[in-house]
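Chemist: Pasting in a structure now, in structure tokens, and then I'll have a few things to ask.
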Amino acid sequence: MEMMEDVVIVGAGIAGLATAVALKRVGVRALVLERSEGLRATGAALTLFPNAWPALDALGVSHKLTPIYAPTSMGYVTNVSAGDVQQVLFRVANNGGDGQGIRTLHRKALLEALAEELPVDSIQFSSKLAVIENEEQGGASIVVIHLEDGTTIRSKVLIGCDGVNSVVARWLGLAEPVHSGRSAVRGLAVFPQGHGFKQEVHQFVDVGKRAGFVPLNDRELYWFLTYSGDKMAGEPEQIQKQVLEKHAEKFPSTYLDVVRHADLSTLTWAPLMFRQPWGIIFGKLSKGNVTVAGDAMHPMTPDLGQGGGSSLEDAVVLGRHIGNSVINNGGLIVPGDMAKAIDDYVKERRWRAAFLVTGSYLAGWVQLGGDKWWMKFLRDGIFYKYLFGRISGLVHKDCGQLPALSFGDMDHSSKKD
């Protein structure tokens, strides 16, 4: 089977769906190819910092999420070995808006809020990428995508949002992500009668490990453990047992009780990978009409909570550059101009992405720390006291708006609002 598309997006995660929504809002239909059989919710929950909400406003979906998930403005950090607790206040933007603040939400709720904005036939599930090729057609470069089931798709634009093991990133020649030396266990905890915690983040740090939890609602908490060391093998029950008996046995009973209430169907273990910042600064993030976004461009450790937010930023910025090109060309995708639009997107995102990857890695390194006096001083005397509360200050970036369409531009999209 052969198909012809204007834009193909590989991956229906946060970056892929958000990019498809951004393009729809500027009058461009995209086909999203997803290798899974349905929307993936691996990771169970995520925290969105203030930079994510202007992006969700631009995509027209923030109003679906802010009434359900309350903002978090305060946290506590417990040094497990010393026993002392520090209070951390998160800076809240003073430019108003219901979407401001730091909110933790179900990953699936975000994916569904984005997917609902798209025409029903936009996402093609069980679509596994096999080969990518370039082809000249009438003087224009066309991307030819071969799927494992034998389908061939020709597209004017290809956007890889296919995660940390991106096939598109590999095709562009980007360096493979590297292991940070740390791993994470994540999941939801369920208290049917209510957990009784306020809307605050609780973190616990010890040598080589960091853990925490934050409420999603009255009955559910999102919890995590990051640590340096060996892989946790086995089924979710065994991973939970290793957390309780091997990694967090000295942690306060409040944390252990949360882990005991884990919903095992949501529990995951993963190595924490990142793309080295120089690979982003000097790497080939686009080639003609092919580029990457989200984890495919800049996988990062979770220590600044920026995996989701940076993906949403990417989507809006890419949508803006592609939208302006299409609008300026009377609703058409003109290959030469589109290559310039994609190049402009890469220029706008390259340094921001490298900065976030670097900041995330350093924040994780300092917080895991060690028992040497200078690491303790860096972590407890400087990082938590002076820097941690400002992290939200680093992520108050507004990625801007999408271009407004006039009525005449709308006919390029296959579905009207």
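Every chain in the structure tokens has a letter given in the order shown (A, B, ...), and although residue numbers restart at 1 in each chain, ligands are simply numbered from 1 in the order shown.
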I'd like the neighbourhood of Ala45 in chain A as an MDAnalysis selection string, where a residue qualifies if any of its atoms comes within 7 Å (using only C-alpha atoms), though same-chain residues fewer than 6 positions away should be ignored.
Modeler: chainID A and resid 104:107 222
Chemist: Give me every strand (DSSP E) residue in range 168-408 of chain A, going by DSSP on the backbone, as a ChimeraX atom specification.
Modeler: /A:178-190,201-206,209-215,220-228,268-274,286-287,290-292
Chemist: Would you work out the distance separating CA of Tyr361 in chain A from CA of Val164 in chain A, expressed in Å to one decimal?
Modeler: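 Here the two named atoms are 15.7 Å from each other.
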Chemist: Which residues, written as an MDAnalysis selection string, have at least one atom at most 9 Å from Ala175 in chain A, with only C-alpha atoms counted and residues fewer than 3 positions away on the same chain left out?
Modeler: chainID A and resid 169:170 178 275:276 279:280 283
Chemist: Store the residues of this selection in a file with all heavy atoms, as a CSV table (one decimal), in the first residue's frame.
Modeler:
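Ended up saving to again17.csv:
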```csv
chain,number,residue,atom,x,y,z
A,169,ALA,N,16.1,10.1,14.8
A,169,ALA,CA,17.3,10.7,15.3
A,169,ALA,C,18.6,9.9,14.8
A,169,ALA,O,19.6,10.5,14.4
A,169,ALA,CB,17.3,10.8,16.8
A,170,ARG,N,18.4,8.6,14.8
A,170,ARG,CA,19.5,7.8,14.3
A,170,ARG,C,19.7,8.0,12.8
A,170,ARG,O,20.9,8.1,12.3
A,170,ARG,CB,19.1,6.3,14.5
A,170,ARG,CG,20.3,5.4,14.8
A,170,ARG,CD,19.9,4.0,15.3
A,170,ARG,NE,19.5,4.1,16.7
A,170,ARG,CZ,18.5,3.5,17.3
A,170,ARG,NH1,17.7,2.7,16.6
A,170,ARG,NH2,18.3,3.6,18.6
A,178,VAL,N,23.2,8.5,26.3
A,178,VAL,CA,24.1,7.8,27.2
A,178,VAL,C,23.4,7.6,28.5
A,178,VAL,O,22.5,8.3,28.9
A,178,VAL,CB,25.4,8.5,27.4
A,178,VAL,CG1,26.2,8.6,26.1
A,178,VAL,CG2,25.2,9.9,27.9
A,275,ARG,N,20.9,12.8,26.2
A,275,ARG,CA,21.8,13.1,25.1
A,275,ARG,C,22.8,14.1,25.6
A,275,ARG,O,22.4,15.2,26.1
A,275,ARG,CB,21.0,13.6,23.9
A,275,ARG,CG,21.9,14.0,22.7
A,275,ARG,CD,21.2,14.0,21.4
A,275,ARG,NE,21.0,12.6,20.9
A,275,ARG,CZ,19.8,12.1,20.5
A,275,ARG,NH1,18.7,12.8,20.6
A,275,ARG,NH2,19.7,10.9,20.1
A,276,GLN,N,24.1,13.9,25.4
A,276,GLN,CA,25.1,14.8,25.8
A,276,GLN,C,24.9,16.2,25.2
A,276,GLN,O,24.6,16.3,24.0
A,276,GLN,CB,26.5,14.3,25.5
A,276,GLN,CG,26.8,13.1,26.5
A,276,GLN,CD,28.0,12.3,26.0
A,276,GLN,OE1,28.2,12.1,24.8
A,276,GLN,NE2,28.7,11.8,27.0
A,279,GLY,N,26.2,17.0,21.9
A,279,GLY,CA,25.5,16.3,20.8
A,279,GLY,C,24.3,17.1,20.3
A,279,GLY,O,23.9,16.9,19.1
A,280,ILE,N,23.7,17.9,21.1
A,280,ILE,CA,22.6,18.7,20.7
A,280,ILE,C,23.1,20.0,20.1
A,280,ILE,O,22.6,20.5,19.1
A,280,ILE,CB,21.7,19.1,22.0
A,280,ILE,CG1,21.1,17.8,22.5
A,280,ILE,CG2,20.6,20.0,21.6
A,280,ILE,CD1,20.4,17.9,23.9
A,283,GLY,N,25.2,18.6,17.0
A,283,GLY,CA,24.6,17.5,16.2
A,283,GLY,C,23.6,18.0,15.1
A,283,GLY,O,23.2,19.2,15.1
```
Chemist: Please provide the set of residues having any atom within 8 Å of Gly309 in chain A, restricted to only C-alpha atoms, with same-chain residues fewer than 6 positions apart removed, written as an mmCIF file with N, CA and C atoms, in the first residue's frame.
Modeler:
```
data_model
loop_
_atom_site.group_PDB
_atom_site.id
_atom_site.type_symbol
_atom_site.label_atom_id
_atom_site.label_comp_id
_atom_site.auth_asym_id
_atom_site.auth_seq_id
_atom_site.Cartn_x
_atom_site.Cartn_y
_atom_site.Cartn_z
ATOM 1 N N LEU A 48 4.326 19.134 35.526
ATOM 2 C CA LEU A 48 4.499 20.210 34.551
ATOM 3 C C LEU A 48 4.792 21.510 35.289
ATOM 4 N N PHE A 49 5.894 22.136 34.937
ATOM 5 C CA PHE A 49 6.315 23.398 35.534
ATOM 6 C C PHE A 49 5.677 24.564 34.768
ATOM 7 N N ASN A 51 6.482 26.690 32.608
ATOM 8 C CA ASN A 51 6.706 26.852 31.168
ATOM 9 C C ASN A 51 5.791 25.976 30.330
ATOM 10 N N ALA A 52 5.246 24.902 30.904
ATOM 11 C CA ALA A 52 4.377 23.997 30.138
ATOM 12 C C ALA A 52 3.012 24.614 29.866
#
```
Chemist: I want to know what sits within 9 Å of Pro277 in chain A, based on only C-alpha atoms, with residues of the same chain fewer than 2 positions away left out; could you give that as a list of chain:residue names?
Modeler: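 Returned residues: A:Phe274, A:Arg275, A:Gly279, A:Ile280, A:Ile281, A:Phe282, A:His298, A:Trp351, A:Ala353, A:Ala354, A:Phe355, A:Leu356, A:Val357, A:Thr358.
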Chemist: So which one's closest to Val77 in chain A, A:Ile142, A:Val205, A:Ile239, A:Val258? Using only C-alpha atoms, please.
Modeler: A:Val205
Chemist: Can you tell me, as a list of chain:residue names, what residues are no more than 8 Å from Ile123 in chain A when counting only C-alpha atoms, ignoring any on the same chain fewer than 6 positions away?
Modeler: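 Counting only the stated atoms, we get A:Ala12, A:Leu31, A:Val32, A:Leu33, A:Glu34.
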Chemist: List every residue of range 96-335 of chain A that DSSP, applied to the backbone, labels as alpha helix (DSSP H), and write the result as number ranges by chain.
Modeler: A: 107-115, 167-172, 236-242, 253-260, 277-281, 307-328, 335
Chemist: So that I can check the surroundings of Leu244 in chain A, please list as a PyMOL selection string every protein, DNA and RNA residue that reaches within 10 Å of it, counting only C-alpha atoms and ignoring chain neighbours fewer than 3 positions away.
Modeler: chain A and resi 238-241+247-251+255-257+259-260
Chemist: Write to file, as an mmCIF file, in the first residue's frame, the residues of the selection just made, with C-alpha atoms.
Modeler:
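Here's the written file again.cif:
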```cif
data_model
loop_
_atom_site.group_PDB
_atom_site.id
_atom_site.type_symbol
_atom_site.label_atom_id
_atom_site.label_comp_id
_atom_site.auth_asym_id
_atom_site.auth_seq_id
_atom_site.Cartn_x
_atom_site.Cartn_y
_atom_site.Cartn_z
ATOM 1 C CA GLN A 238 9.767 -7.791 43.145
ATOM 2 C CA ILE A 239 10.715 -4.206 42.262
ATOM 3 C CA GLN A 240 8.461 -2.897 45.035
ATOM 4 C CA LYS A 241 10.099 -5.359 47.468
ATOM 5 C CA HIS A 247 16.989 0.971 48.710
ATOM 6 C CA ALA A 248 14.615 2.814 51.051
ATOM 7 C CA GLU A 249 14.713 0.686 54.198
ATOM 8 C CA LYS A 250 16.066 3.652 56.233
ATOM 9 C CA PHE A 251 13.607 6.158 54.768
ATOM 10 C CA TYR A 255 7.479 7.198 52.288
ATOM 11 C CA LEU A 256 7.523 3.432 52.916
ATOM 12 C CA ASP A 257 3.751 3.466 53.472
ATOM 13 C CA VAL A 259 5.380 2.546 48.352
ATOM 14 C CA ARG A 260 3.373 -0.222 50.081
#
```
Chemist: Hey, which of A:Tyr76, A:Gln199, A:Val10, A:Leu59 ends up closest to Ala130 in chain A? Count only C-alpha atoms.
Modeler: A:Val10
Chemist: Taking a cut-off of 8 Å and counting only C-alpha atoms, can you build a table that, for each residue of range 69-131 of chain A near range 61-65 of chain A, reports the nearest atom pair and how far apart they are in Å (one decimal), sorted by chain then residue number, as a Markdown table?
Modeler:
```
| residue | atom | partner | partner_atom | distance |
| --- | --- | --- | --- | --- |
| A:Tyr69 | CA | A:Leu65 | CA | 6.4 |
| A:Gly99 | CA | A:Ser62 | CA | 6.6 |
| A:Ala109 | CA | A:Leu65 | CA | 7.8 |
| A:Leu110 | CA | A:Leu65 | CA | 7.5 |
| A:Ala113 | CA | A:Val61 | CA | 6.4 |
| A:Leu114 | CA | A:Val61 | CA | 6.8 |
```
Chemist: Export all heavy atoms of the chosen residues as a CSV table (one decimal), in the first residue's frame?
Modeler:
```
chain,number,residue,atom,x,y,z
A,69,TYR,N,-6.3,19.3,38.4
A,69,TYR,CA,-5.0,19.1,39.2
A,69,TYR,C,-4.6,20.4,39.8
A,69,TYR,O,-4.5,21.4,39.2
A,69,TYR,CB,-4.0,18.6,38.2
A,69,TYR,CG,-4.3,17.3,37.6
A,69,TYR,CD1,-4.8,17.2,36.2
A,69,TYR,CD2,-4.1,16.1,38.3
A,69,TYR,CE1,-5.1,16.0,35.7
A,69,TYR,CE2,-4.5,14.9,37.7
A,69,TYR,CZ,-5.0,14.8,36.4
A,69,TYR,OH,-5.3,13.6,35.8
A,99,GLY,N,-3.4,28.6,34.6
A,99,GLY,CA,-2.5,27.5,34.3
A,99,GLY,C,-1.1,27.6,35.0
A,99,GLY,O,-0.3,26.8,34.8
A,109,ALA,N,-4.0,11.5,31.2
A,109,ALA,CA,-4.9,12.6,31.1
A,109,ALA,C,-4.4,13.6,30.1
A,109,ALA,O,-5.2,14.2,29.3
A,109,ALA,CB,-5.1,13.2,32.4
A,110,LEU,N,-3.1,13.9,30.1
A,110,LEU,CA,-2.5,14.8,29.1
A,110,LEU,C,-2.6,14.3,27.7
A,110,LEU,O,-2.9,15.0,26.8
A,110,LEU,CB,-1.0,15.1,29.5
A,110,LEU,CG,-0.2,16.0,28.6
A,110,LEU,CD1,-0.9,17.3,28.3
A,110,LEU,CD2,1.2,16.2,29.1
A,113,ALA,N,-6.1,14.5,26.5
A,113,ALA,CA,-6.5,15.9,26.2
A,113,ALA,C,-6.0,16.3,24.9
A,113,ALA,O,-6.7,17.1,24.2
A,113,ALA,CB,-6.0,16.8,27.4
A,114,LEU,N,-4.8,15.9,24.5
A,114,LEU,CA,-4.2,16.3,23.2
A,114,LEU,C,-4.9,15.5,22.1
A,114,LEU,O,-5.3,16.0,21.1
A,114,LEU,CB,-2.7,16.0,23.2
A,114,LEU,CG,-1.9,16.9,24.2
A,114,LEU,CD1,-0.5,16.3,24.3
A,114,LEU,CD2,-1.8,18.3,23.6
```
Chemist: Tell me which of A:Gly16, A:Gly196, A:Pro236, A:Gly138 sits closest to Ala262 in chain A, counting only C-alpha atoms.
Modeler: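 Checking each candidate against Ala262 in chain A, we get A:Pro236 as the closest.
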Chemist: So which one's closest to Asn165 in chain A, A:Ala296, A:Asp344, A:Val214, A:Pro252? Using only C-alpha atoms, please.
Modeler: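 For Asn165 in chain A, the nearest of the candidates is A:Ala296.
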Chemist: I'd like to know which of A:Thr266, A:Gln124, A:Asn289, A:Gln87 is closest to Ser36 in chain A, using only C-alpha atoms.
Modeler: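 Going through A:Thr266, A:Gln124, A:Asn289, A:Gln87 one by one, the smallest distance to Ser36 in chain A is for A:Gln124.
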Chemist: Could you jot down the CA of Glu348 in chain A to CA of Val317 in chain A separation for me, Å, one decimal place?
Modeler: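 Between CA of Glu348 in chain A and CA of Val317 in chain A the gap works out to 7.9 Å.
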